[in-house]
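Asks: Got protein_16.txt for you, compact mmCIF, C-alpha atoms:
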```txt
# COMPACT_ATOMS: atom_id res chain seq x y z
CA MET A 1 33.60 4.65 13.97
CA THR A 2 34.16 7.45 11.46
CA ASN A 3 37.38 8.87 10.07
CA ASP A 4 36.65 12.11 11.88
CA GLN A 5 36.56 10.24 15.17
CA LEU A 6 39.81 8.44 14.37
CA ALA A 7 41.54 11.61 13.14
CA SER A 8 40.68 13.44 16.35
CA GLU A 9 42.15 10.57 18.36
CA PHE A 10 45.29 10.17 16.25
CA GLY A 11 46.06 13.87 15.86
CA GLY A 12 49.04 15.07 13.85
CA ASP A 13 48.70 14.93 10.07
CA TRP A 14 46.16 12.09 10.11
CA THR A 15 43.09 13.85 8.74
CA ALA A 16 39.82 12.13 7.90
CA GLN A 17 40.53 12.73 4.22
CA LYS A 18 44.01 11.22 4.43
CA ILE A 19 42.60 8.09 6.08
CA PHE A 20 40.05 7.79 3.27
CA GLU A 21 42.65 8.31 0.54
CA LYS A 22 44.94 5.64 1.97
CA THR A 23 42.30 3.04 2.77
CA GLY A 24 39.08 3.79 0.90
CA VAL A 25 37.24 3.59 4.23
CA ARG A 26 35.14 6.42 5.69
CA SER A 27 33.59 4.47 8.56
CA ARG A 28 33.71 1.01 10.08
CA ARG A 29 31.39 -0.83 12.48
CA ILE A 30 32.81 -1.81 15.86
CA ALA A 31 31.19 -4.50 18.01
CA ALA A 32 30.15 -3.51 21.51
CA PRO A 33 32.46 -4.68 24.33
CA ASP A 34 30.09 -7.52 25.20
CA GLU A 35 29.25 -8.37 21.59
CA THR A 36 31.11 -11.23 19.89
CA ALA A 37 31.51 -12.58 16.38
CA SER A 38 28.93 -15.26 17.10
CA ASP A 39 26.43 -12.56 18.15
CA LEU A 40 26.96 -10.87 14.80
CA GLY A 41 26.72 -14.24 13.07
CA VAL A 42 23.44 -15.08 14.78
CA ALA A 43 22.01 -11.70 13.76
CA ALA A 44 23.10 -12.27 10.15
CA ALA A 45 21.56 -15.75 10.08
CA GLN A 46 18.32 -14.45 11.57
CA LYS A 47 18.13 -11.86 8.79
CA LEU A 48 18.58 -14.66 6.27
CA PHE A 49 15.71 -16.61 7.85
CA GLU A 50 13.53 -13.48 7.90
CA SER A 51 14.20 -13.06 4.17
CA GLY A 52 12.38 -16.32 3.57
CA ALA A 53 15.39 -18.15 2.16
CA CYS A 54 14.74 -21.02 4.54
CA ALA A 55 13.61 -21.75 8.08
CA PRO A 56 15.95 -22.68 10.94
CA ALA A 57 14.50 -26.19 10.92
CA ASP A 58 15.57 -26.64 7.30
CA VAL A 59 19.29 -26.23 8.02
CA ASP A 60 21.23 -29.49 8.03
CA TYR A 61 24.66 -28.10 8.70
CA LEU A 62 26.14 -24.89 10.13
CA LEU A 63 29.65 -23.80 9.15
CA PHE A 64 30.96 -20.84 11.13
CA CYS A 65 34.15 -19.18 9.90
CA THR A 66 35.81 -17.05 12.56
CA GLN A 67 39.11 -16.12 14.12
CA SER A 68 37.29 -14.50 17.03
CA PRO A 69 35.60 -17.48 18.70
CA ASP A 70 33.62 -17.03 21.91
CA TYR A 71 35.67 -19.69 23.68
CA PHE A 72 38.53 -22.09 23.03
CA LEU A 73 35.86 -24.68 23.52
CA PRO A 74 33.07 -25.33 22.77
CA ALA A 75 32.85 -24.31 19.14
CA SER A 76 30.89 -21.11 18.64
CA ALA A 77 28.82 -22.97 16.04
CA CYS A 78 27.44 -25.22 18.81
CA THR A 79 26.14 -22.27 20.81
CA MET A 80 24.80 -20.71 17.61
CA GLN A 81 22.86 -23.91 16.84
CA SER A 82 20.74 -23.49 19.95
CA ARG A 83 20.43 -19.72 19.68
CA LEU A 84 19.24 -20.01 16.08
CA GLY A 85 16.88 -22.87 16.82
CA LEU A 86 18.54 -25.28 14.42
CA ARG A 87 17.66 -28.96 14.75
CA THR A 88 19.72 -31.02 17.17
CA ASP A 89 20.52 -33.44 14.36
CA ALA A 90 22.18 -30.62 12.40
CA GLY A 91 25.96 -30.56 12.08
CA ALA A 92 27.75 -27.49 13.42
CA ILE A 93 31.45 -26.69 13.30
CA ASP A 94 33.77 -23.69 13.41
CA PHE A 95 36.65 -23.29 11.04
CA ASN A 96 39.47 -20.82 11.55
CA GLN A 97 40.25 -18.89 8.41
CA GLY A 98 40.45 -15.20 7.63
CA CYS A 99 40.14 -13.34 4.37
CA SER A 100 40.00 -16.52 2.28
CA GLY A 101 37.36 -17.99 4.59
CA TRP A 102 34.17 -17.41 2.64
CA VAL A 103 35.46 -19.15 -0.47
CA TYR A 104 36.76 -21.99 1.70
CA GLY A 105 33.35 -22.23 3.35
CA LEU A 106 31.62 -22.24 -0.01
CA SER A 107 33.75 -25.21 -1.11
CA LEU A 108 33.04 -27.09 2.13
CA ALA A 109 29.31 -26.39 1.86
CA LYS A 110 29.19 -27.47 -1.76
CA SER A 111 31.04 -30.68 -0.91
CA LEU A 112 28.59 -31.46 1.90
CA VAL A 113 25.65 -30.99 -0.44
CA GLU A 114 27.18 -32.93 -3.32
CA ALA A 115 28.15 -35.80 -1.03
CA GLY A 116 24.56 -36.04 0.14
CA THR A 117 25.60 -35.25 3.69
CA ALA A 118 23.37 -32.18 3.86
CA ASP A 119 20.68 -30.58 1.74
CA LYS A 120 20.97 -27.10 3.18
CA VAL A 121 24.20 -25.69 4.59
CA LEU A 122 24.26 -22.39 6.45
CA LEU A 123 27.64 -20.73 6.00
CA VAL A 124 28.23 -17.91 8.47
CA THR A 125 31.31 -15.72 8.51
CA GLY A 126 31.87 -13.44 11.49
CA GLU A 127 34.77 -11.45 12.83
CA THR A 128 35.55 -8.90 15.53
CA TYR A 129 39.18 -7.99 14.88
CA SER A 130 38.52 -4.73 16.74
CA LYS A 131 38.96 -6.65 19.99
CA TYR A 132 42.56 -7.44 19.01
CA ILE A 133 43.48 -3.99 17.70
CA ASN A 134 45.53 -1.52 19.72
CA ALA A 135 43.81 1.88 19.79
CA ARG A 136 47.10 3.53 18.79
CA ASP A 137 47.77 1.28 15.79
CA ARG A 138 46.68 3.38 12.82
CA SER A 139 47.81 0.74 10.31
CA VAL A 140 44.98 -1.62 11.22
CA ARG A 141 42.50 0.49 13.12
CA THR A 142 41.73 2.55 10.03
CA ILE A 143 41.08 -0.52 7.89
CA PHE A 144 39.23 -3.25 9.77
CA GLY A 145 35.57 -3.33 10.71
CA ASP A 146 33.51 -5.94 12.56
CA ALA A 147 30.79 -7.79 10.68
CA ALA A 148 29.14 -11.09 9.87
CA ALA A 149 27.41 -12.55 6.84
CA ALA A 150 25.17 -15.55 6.32
CA THR A 151 25.00 -17.57 3.10
CA LEU A 152 22.69 -20.49 2.35
CA VAL A 153 24.11 -23.21 0.11
CA THR A 154 21.53 -25.67 -1.19
CA ALA A 155 21.02 -28.02 -4.14
CA VAL A 156 19.05 -26.73 -7.12
CA GLU A 157 18.17 -28.29 -10.45
CA ALA A 158 20.63 -27.17 -13.13
CA ASP A 159 22.32 -28.61 -16.18
CA HIS A 160 25.76 -27.41 -15.08
CA ASP A 161 27.69 -26.55 -11.91
CA LEU A 162 26.58 -23.22 -10.47
CA ILE A 163 29.38 -23.17 -7.89
CA GLY A 164 32.99 -24.00 -8.75
CA PRO A 165 35.57 -24.85 -9.72
CA PHE A 166 37.80 -23.77 -6.88
CA ILE A 167 41.50 -23.23 -6.41
CA PHE A 168 43.31 -22.93 -3.07
CA GLY A 169 46.71 -21.83 -1.88
CA THR A 170 48.66 -21.73 1.35
CA ASP A 171 52.07 -20.41 2.35
CA GLY A 172 52.61 -20.61 6.09
CA ARG A 173 55.91 -18.75 5.83
CA GLY A 174 53.79 -15.61 5.88
CA ALA A 175 52.02 -16.47 9.14
CA CYS A 176 54.09 -13.94 11.09
CA ASN A 177 52.97 -11.03 8.88
CA LEU A 178 49.34 -10.98 10.03
CA ILE A 179 49.01 -12.38 13.50
CA VAL A 180 47.87 -12.00 17.08
CA PRO A 181 50.99 -13.47 18.72
CA THR A 182 49.56 -14.38 22.14
CA GLY A 183 46.39 -15.94 23.45
CA GLY A 184 46.71 -19.38 21.87
CA ALA A 185 48.49 -22.47 23.16
CA ARG A 186 51.85 -21.42 21.68
CA ARG A 187 51.97 -18.27 23.77
CA PRO A 188 49.10 -18.43 26.27
CA ALA A 189 47.24 -15.37 27.43
CA THR A 190 48.62 -13.87 30.59
CA THR A 191 47.23 -11.66 33.33
CA GLU A 192 50.31 -9.47 32.96
CA VAL A 193 50.01 -6.27 30.98
CA LEU A 194 52.24 -6.87 27.98
CA PRO A 195 54.60 -4.04 27.03
CA GLU A 196 53.57 -1.88 24.09
CA THR A 197 56.18 -0.95 21.50
CA THR A 198 56.12 1.42 18.55
CA ASP A 199 57.22 0.80 14.97
CA THR A 200 58.90 3.16 12.51
CA SER A 201 55.49 4.40 11.38
CA GLY A 202 54.52 5.40 14.93
CA ASN A 203 52.01 2.61 15.49
CA TRP A 204 51.78 1.10 18.95
CA ARG A 205 50.93 -2.48 19.85
CA SER A 206 51.68 -5.33 22.24
CA ASP A 207 51.90 -9.02 21.51
CA ALA A 208 48.26 -9.34 22.56
CA ASN A 209 47.28 -7.12 19.63
CA LEU A 210 46.79 -7.71 15.94
CA PHE A 211 49.99 -7.11 13.97
CA MET A 212 49.92 -6.56 10.23
CA ASN A 213 53.06 -6.10 8.16
CA GLY A 214 51.35 -4.09 5.43
CA PRO A 215 54.20 -4.04 2.87
CA GLU A 216 54.77 -7.81 3.17
CA ILE A 217 51.04 -8.49 2.84
CA PHE A 218 50.90 -6.23 -0.21
CA ASN A 219 53.86 -8.05 -1.76
CA PHE A 220 52.22 -11.43 -1.13
CA THR A 221 48.98 -10.19 -2.63
CA LEU A 222 50.59 -8.78 -5.77
CA GLN A 223 52.21 -12.13 -6.40
CA SER A 224 49.51 -14.59 -5.36
CA VAL A 225 46.26 -13.02 -6.55
CA PRO A 226 47.04 -12.60 -10.28
CA ARG A 227 48.38 -16.17 -10.25
CA ALA A 228 45.22 -17.44 -8.54
CA VAL A 229 43.03 -15.67 -11.08
CA ALA A 230 44.98 -17.24 -13.96
CA GLN A 231 44.82 -20.69 -12.34
CA LEU A 232 41.08 -20.48 -11.84
CA LEU A 233 40.46 -19.31 -15.39
CA ALA A 234 42.55 -22.21 -16.69
CA LYS A 235 40.79 -24.72 -14.43
CA SER A 236 37.36 -23.50 -15.47
CA GLY A 237 38.27 -23.35 -19.17
CA LYS A 238 37.22 -19.72 -19.35
CA ALA A 239 38.83 -16.54 -20.62
CA ALA A 240 38.92 -13.39 -18.50
CA GLY A 241 36.21 -11.90 -20.69
CA ASP A 242 33.85 -14.80 -19.89
CA VAL A 243 33.66 -13.60 -16.29
CA ASP A 244 30.92 -11.04 -15.83
CA PHE A 245 31.96 -9.73 -12.44
CA TYR A 246 34.94 -9.98 -10.11
CA ILE A 247 34.60 -9.83 -6.33
CA PHE A 248 37.94 -9.91 -4.56
CA HIS A 249 38.37 -9.82 -0.81
CA GLN A 250 37.86 -6.14 0.01
CA ALA A 251 41.21 -5.54 1.71
CA ASN A 252 41.52 -1.83 1.04
CA ARG A 253 40.84 0.37 -1.96
CA PHE A 254 44.50 1.08 -2.68
CA MET A 255 45.41 -2.61 -2.89
CA LEU A 256 42.32 -3.53 -4.89
CA GLU A 257 42.90 -0.84 -7.46
CA ARG A 258 46.45 -2.09 -8.05
CA LEU A 259 45.21 -5.68 -8.29
CA ARG A 260 42.45 -4.73 -10.72
CA ALA A 261 44.94 -3.03 -13.01
CA LYS A 262 47.44 -5.88 -12.71
CA VAL A 263 44.84 -8.53 -13.52
CA GLY A 264 43.42 -6.35 -16.30
CA VAL A 265 39.77 -6.19 -15.22
CA PRO A 266 37.66 -3.22 -16.38
CA ALA A 267 36.44 -1.08 -13.47
CA GLU A 268 32.78 -1.73 -14.32
CA LYS A 269 33.29 -5.48 -13.79
CA PHE A 270 35.10 -5.13 -10.49
CA TRP A 271 33.82 -4.44 -6.98
CA ASN A 272 35.90 -2.02 -4.92
CA ASP A 273 33.91 -0.47 -2.11
CA ILE A 274 34.51 -0.70 1.60
CA GLU A 275 33.72 2.95 2.23
CA ALA A 276 30.99 2.37 4.81
CA ILE A 277 32.16 -0.78 6.59
CA GLY A 278 35.90 -1.29 6.13
CA ASN A 279 37.69 -4.60 5.70
CA THR A 280 35.46 -7.17 7.38
CA VAL A 281 37.84 -10.12 6.80
CA SER A 282 35.90 -13.26 5.82
CA SER A 283 32.67 -11.31 5.30
CA THR A 284 33.89 -8.88 2.64
CA ILE A 285 33.00 -11.10 -0.32
CA PRO A 286 29.43 -12.05 0.69
CA ILE A 287 28.71 -8.46 1.74
CA ALA A 288 30.06 -7.18 -1.59
CA TRP A 289 28.00 -9.80 -3.43
CA GLN A 290 24.83 -8.62 -1.69
CA GLN A 291 25.63 -4.94 -2.26
CA ALA A 292 26.37 -5.59 -5.94
CA ARG A 293 23.01 -7.34 -6.31
CA GLU A 294 21.20 -4.50 -4.59
CA GLN A 295 22.85 -2.01 -6.95
CA GLY A 296 21.87 -4.03 -10.00
CA ARG A 297 25.46 -4.87 -10.92
CA LEU A 298 24.88 -8.64 -10.62
CA GLN A 299 22.22 -9.96 -12.93
CA SER A 300 20.72 -13.43 -12.84
CA GLY A 301 22.98 -15.84 -14.71
CA ALA A 302 26.09 -13.70 -14.29
CA GLN A 303 29.36 -15.57 -13.91
CA VAL A 304 31.25 -14.27 -10.86
CA MET A 305 34.82 -14.87 -9.79
CA ALA A 306 35.39 -14.56 -6.03
CA VAL A 307 38.94 -14.38 -4.70
CA GLY A 308 39.93 -14.41 -1.02
CA PHE A 309 43.47 -13.80 0.22
CA GLY A 310 45.26 -12.82 3.39
CA VAL A 311 46.08 -14.13 6.85
CA GLY A 312 47.93 -17.43 6.77
CA TYR A 313 49.05 -16.75 4.11
CA SER A 314 45.97 -18.33 2.59
CA TRP A 315 44.17 -17.72 -0.66
CA SER A 316 41.26 -19.24 -2.52
CA ALA A 317 39.20 -18.49 -5.59
CA ALA A 318 35.93 -19.76 -6.98
CA MET A 319 33.58 -19.36 -9.88
CA ALA A 320 29.92 -18.98 -8.99
CA GLN A 321 26.88 -18.17 -11.06
CA VAL A 322 24.18 -15.80 -9.85
CA LEU A 323 20.84 -17.56 -9.56
CA MET B 1 59.47 2.08 -18.88
CA ASP B 2 59.99 5.82 -18.97
CA ARG B 3 62.55 6.59 -16.24
CA ASP B 4 61.50 10.23 -16.06
CA VAL B 5 57.94 9.21 -15.27
CA PHE B 6 59.25 6.96 -12.51
CA TYR B 7 61.48 9.70 -11.08
CA THR B 8 58.67 12.26 -11.16
CA ARG B 9 56.14 9.98 -9.52
CA LEU B 10 58.65 8.74 -6.96
CA ALA B 11 59.42 12.34 -6.06
CA ALA B 12 55.69 12.89 -5.49
CA VAL B 13 55.53 9.85 -3.20
CA LEU B 14 58.46 11.29 -1.23
CA GLN B 15 56.69 14.66 -1.14
CA THR B 16 59.41 16.57 -2.93
CA SER B 17 59.68 18.19 -6.35
CA PRO B 18 61.31 16.35 -9.27
CA GLU B 19 63.95 19.09 -9.41
CA GLU B 20 64.87 18.83 -5.73
CA PHE B 21 64.85 15.05 -5.95
CA ALA B 22 67.25 15.16 -8.94
CA ALA B 23 69.49 17.72 -7.25
CA GLY B 24 69.84 15.37 -4.28
CA GLY B 25 70.96 12.49 -6.48
CA ARG B 26 67.50 10.91 -6.27
CA ARG B 27 68.49 9.43 -2.95
CA LEU B 28 65.89 7.79 -0.75
CA PRO B 29 65.27 8.67 2.90
CA GLU B 30 67.22 6.62 5.46
CA GLU B 31 63.97 5.30 6.90
CA MET B 32 60.68 4.97 5.06
CA ASP B 33 57.46 4.27 6.92
CA SER B 34 55.07 1.61 5.74
CA VAL B 35 52.79 4.09 3.95
CA VAL B 36 55.69 5.30 1.79
CA LEU B 37 56.90 1.74 1.19
CA LEU B 38 53.44 0.73 0.01
CA ASP B 39 53.23 3.68 -2.36
CA ILE B 40 56.64 2.87 -3.85
CA MET B 41 55.79 -0.83 -4.19
CA ALA B 42 52.58 0.06 -6.01
CA LEU B 43 54.42 2.49 -8.29
CA VAL B 44 57.11 -0.06 -9.21
CA ASP B 45 54.50 -2.74 -9.79
CA GLU B 46 52.47 -0.40 -12.00
CA LEU B 47 55.40 0.73 -14.12
CA THR B 48 57.43 -2.48 -14.31
CA GLY B 49 55.05 -5.30 -13.34
CA VAL B 50 57.48 -6.40 -10.64
CA ALA B 51 56.31 -6.95 -7.06
CA LEU B 52 59.32 -5.83 -5.05
CA SER B 53 60.14 -7.37 -1.70
CA PRO B 54 59.79 -4.74 1.06
CA ASP B 55 63.07 -5.88 2.62
CA ALA B 56 64.92 -5.36 -0.65
CA LEU B 57 63.24 -2.01 -1.12
CA LYS B 58 64.28 -0.86 2.35
CA LYS B 59 67.92 -1.50 1.42
CA ALA B 60 67.76 0.59 -1.76
CA LYS B 61 69.52 3.90 -1.39
CA SER B 62 68.38 5.63 -4.57
CA ALA B 63 65.73 5.64 -7.27
CA ASP B 64 68.13 3.91 -9.64
CA GLU B 65 68.76 1.12 -7.15
CA ILE B 66 65.02 0.52 -7.05
CA LEU B 67 64.99 0.18 -10.81
CA GLU B 68 67.91 -2.26 -10.66
CA LEU B 69 65.92 -4.37 -8.20
CA ALA B 70 62.97 -4.37 -10.54
CA GLN B 71 64.97 -5.69 -13.49
```
Spit out the file's structure as structure tokens when you get a sec.
Replies:
Amino acid sequence: MTNDQLASEFGGDWTAQKIFEKTGVRSRRIAAPDETASDLGVAAAQKLFESGACAPADVDYLLFCTQSPDYFLPASACTMQSRLGLRTDAGAIDFNQGCSGWVYGLSLAKSLVEAGTADKVLLVTGETYSKYINARDRSVRTIFGDAAAATLVTAVEADHDLIGPFIFGTDGRGACNLIVPTGGARRPATTEVLPETTDTSGNWRSDANLFMNGPEIFNFTLQSVPRAVAQLLAKSGKAAGDVDFYIFHQANRFMLERLRAKVGVPAEKFWNDIEAIGNTVSSTIPIAWQQAREQGRLQSGAQVMAVGFGVGYSWSAAMAQVL
Amino acid sequence: MDRDVFYTRLAAVLQTSPEEFAAGGRRLPEEMDSVVLLDIMALVDELTGVALSPDALKKAKSADEILELAQ
């Protein structure tokens, strides 16, 4: 879905260029009506297997991070186990987390490996927020894209930790600022067509749609992310200059540029690019990591700081070294 | 912080000239949409280091009231 397509739908003063200037996104991928987050996750995992990283039979545990599950039950990870051909003695669970999800998953995977519970953990993040978004809500439709990513976490010989330390944060008071109000047990889905209302910015939505209070999310981010970065540096005993590359959750270019300046990271050490795919929620960090590697911006041995933040409110940050 | 820089850049966010903004007492619009709010929040954060609450910002009636909030 390109900005030109969106601009022609929105009309008025919403040009393709204005959408790009406000979001940093030129196009985003939208799942087909019958395509779910687990479908995207299976495709991502299959690409990982095809890369030679490991075979399906090698996976001891599947972690699937999504807020767009196929069903209330069973877990999407269970259906993915059979579709991917993982062993039946492999563990498989979903966990519900958004923009902080990949870092959370990395910590869970590392813990499973360190505890000796699993040798190889397949961490899959997948999201299809497009299915929750009202077509007339420019505030979110311009930003979010559907995607999945697959990451293999496994033990390797090393004289120091390659992953970690981690820090986490949660403030549930912000839950109402990024939410799909209905469809869960609190407010079950209904066969009625819910009324659509408009906000002061002219965006339309119903309670079955994704709602994002952009200014409140921005305020939360400006406060929590610099603090998280400082906490992680302190916990790891490193100075900002010891970090070779910073990959924050790719929320939107505008927000990331402000965060980069606030944290004081030079542009060449900071990833800020969602031009082609938009904000893909829990997949932004692994996708950015892969893109940075492909562009030669992540060299072997580089120390990376990854920071996830958003829906919940939830945030998390981790150090990780490039193999 | 240089107040004139703030006034000039705030005028740009509000899509008016610094002169017109000053002539109008640097008053803010009655209602600001989320795009404008975000731009003002980013500007205040950049110039003062303060992350303003959107609710507080919505109640500000002038550029100077924004600066008071940021102190």
Asks: Fewer than 2 positions away in the same chain doesn't count, so skip those; otherwise give me all residues within 9 Å of stretch 158-161 of chain A, counting only C-alpha atoms, as a PyMOL selection string.
Replies: chain A and resi 156+163-165+320-321
Asks: Residues of chain B no more than 12 Å from chain A, counting all atoms listed in the file: send them over as a list in words.
Replies: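 Taken together, these residues fit the definition: Glu30, Glu31, Met32, Asp33, Ser34, Val35, Val36, Leu37, Leu38, Asp39, Ile40, Met41, Ala42, Leu43, Val44, Asp45, Glu46, Leu47, Thr48, Gly49, Val50, Ala51, Leu52, Ser53, Pro54, Asp55, Ala56, Leu57 and Lys58 of chain B.
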Asks: Would you pick out the contacts of B:Ser62 at 12 Å or less, using all atoms listed in the file, so that residues sharing its chain but fewer than 4 positions from it are not included, and give the list as a list in words?
Replies: Tyr7, Leu10, Ala11, Leu14, Phe21, Ala22, Gly24, Gly25, Arg26, Arg27, Leu28, Pro29, Glu30, Leu57, Lys58, Ile66, Leu67, Glu68 and Leu69 of chain B
Asks: Store the residues picked out above, limited to C-alpha atoms, as a PDB file, keeping the file's coordinate frame.
Replies:
```pdb
ATOM      1  CA  TYR B   7      61.480   9.700 -11.080  1.00  0.00           C
ATOM      2  CA  LEU B  10      58.650   8.740  -6.960  1.00  0.00           C
ATOM      3  CA  ALA B  11      59.420  12.340  -6.060  1.00  0.00           C
ATOM      4  CA  LEU B  14      58.460  11.290  -1.230  1.00  0.00           C
ATOM      5  CA  PHE B  21      64.850  15.050  -5.950  1.00  0.00           C
ATOM      6  CA  ALA B  22      67.250  15.160  -8.940  1.00  0.00           C
ATOM      7  CA  GLY B  24      69.840  15.370  -4.280  1.00  0.00           C
ATOM      8  CA  GLY B  25      70.960  12.490  -6.480  1.00  0.00           C
ATOM      9  CA  ARG B  26      67.500  10.910  -6.270  1.00  0.00           C
ATOM     10  CA  ARG B  27      68.490   9.430  -2.950  1.00  0.00           C
ATOM     11  CA  LEU B  28      65.890   7.790  -0.750  1.00  0.00           C
ATOM     12  CA  PRO B  29      65.270   8.670   2.900  1.00  0.00           C
ATOM     13  CA  GLU B  30      67.220   6.620   5.460  1.00  0.00           C
ATOM     14  CA  LEU B  57      63.240  -2.010  -1.120  1.00  0.00           C
ATOM     15  CA  LYS B  58      64.280  -0.860   2.350  1.00  0.00           C
ATOM     16  CA  ILE B  66      65.020   0.520  -7.050  1.00  0.00           C
ATOM     17  CA  LEU B  67      64.990   0.180 -10.810  1.00  0.00           C
ATOM     18  CA  GLU B  68      67.910  -2.260 -10.660  1.00  0.00           C
ATOM     19  CA  LEU B  69      65.920  -4.370  -8.200  1.00  0.00           C
TER      20      LEU B  69
END
```
Asks: Interatomic distance between atom CA of A:Cys176 and atom CA of A:Gly41?
Replies: 27.4 Å
Asks: From the options A:Ser82, A:Ser316, A:Asn209, A:Thr284, which residue's atoms come nearest to A:Leu106, counting all atoms listed in the file?
Replies: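 Of A:Ser82, A:Ser316, A:Asn209, A:Thr284, the one nearest A:Leu106 is A:Ser316, counting all atoms listed in the file.
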Asks: Atom CA of A:Lys269 to atom CA of A:Ser27: how many Å, to one decimal?
Replies: 24.5 Å
Asks: If I take atom CA of A:Leu323 and atom CA of A:Ser300, how far is one from the other in Å, to one decimal?
Replies: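 It comes out at 5.3 Å.
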Asks: Box for stretch 51-65 of chain B: with edges along x, y and z, all listed atoms inside and 6 Å added on each side, what are the centre and edge lengths in Å to one decimal, as JSON?
Replies:
```
{"center_x": 62.9, "center_y": -0.9, "center_z": -3.5, "size_x": 25.2, "size_y": 25.0, "size_z": 24.3}
```
Asks: Which of these, A:Asp60, A:Glu157, A:Asp119, A:Asp207, has the shortest distance to A:Ile133 once you count only C-alpha atoms?
Replies: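 Selected residue with least distance to A:Ile133: A:Asp207.
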Asks: Skip A:Asn279 itself and residues of its chain fewer than 2 positions away, then list as number ranges by chain all residues within 7 Å of it, counting only C-alpha atoms.
Replies: A: 143-145, 250-252, 274, 277, 281, 284
Asks: Please list as a list in words every residue within 8 Å of A:Leu122, counting all atoms listed in the file and excluding residues in the same chain fewer than 5 positions away.
Replies: Val59, Asp60, Tyr61, Leu62, Leu63, Ala109, Ala150, Thr151, Leu152 and Val153 of chain A
Asks: Hey, what's within 10 Å of A:Thr2 if we count only C-alpha atoms and toss same-chain stuff fewer than 5 positions away? As a PyMOL selection string, please?
Replies: chain A and resi 7+16+25-29+142+276-277
Asks: From (28.0, -5.6, -12.7), in the file's coordinates, out to 9 Å: which residues are reached, counting all atoms listed in the file? Answer as a ChimeraX atom specification.
Replies: /A:244-246,268-271,292-293,295-299,302
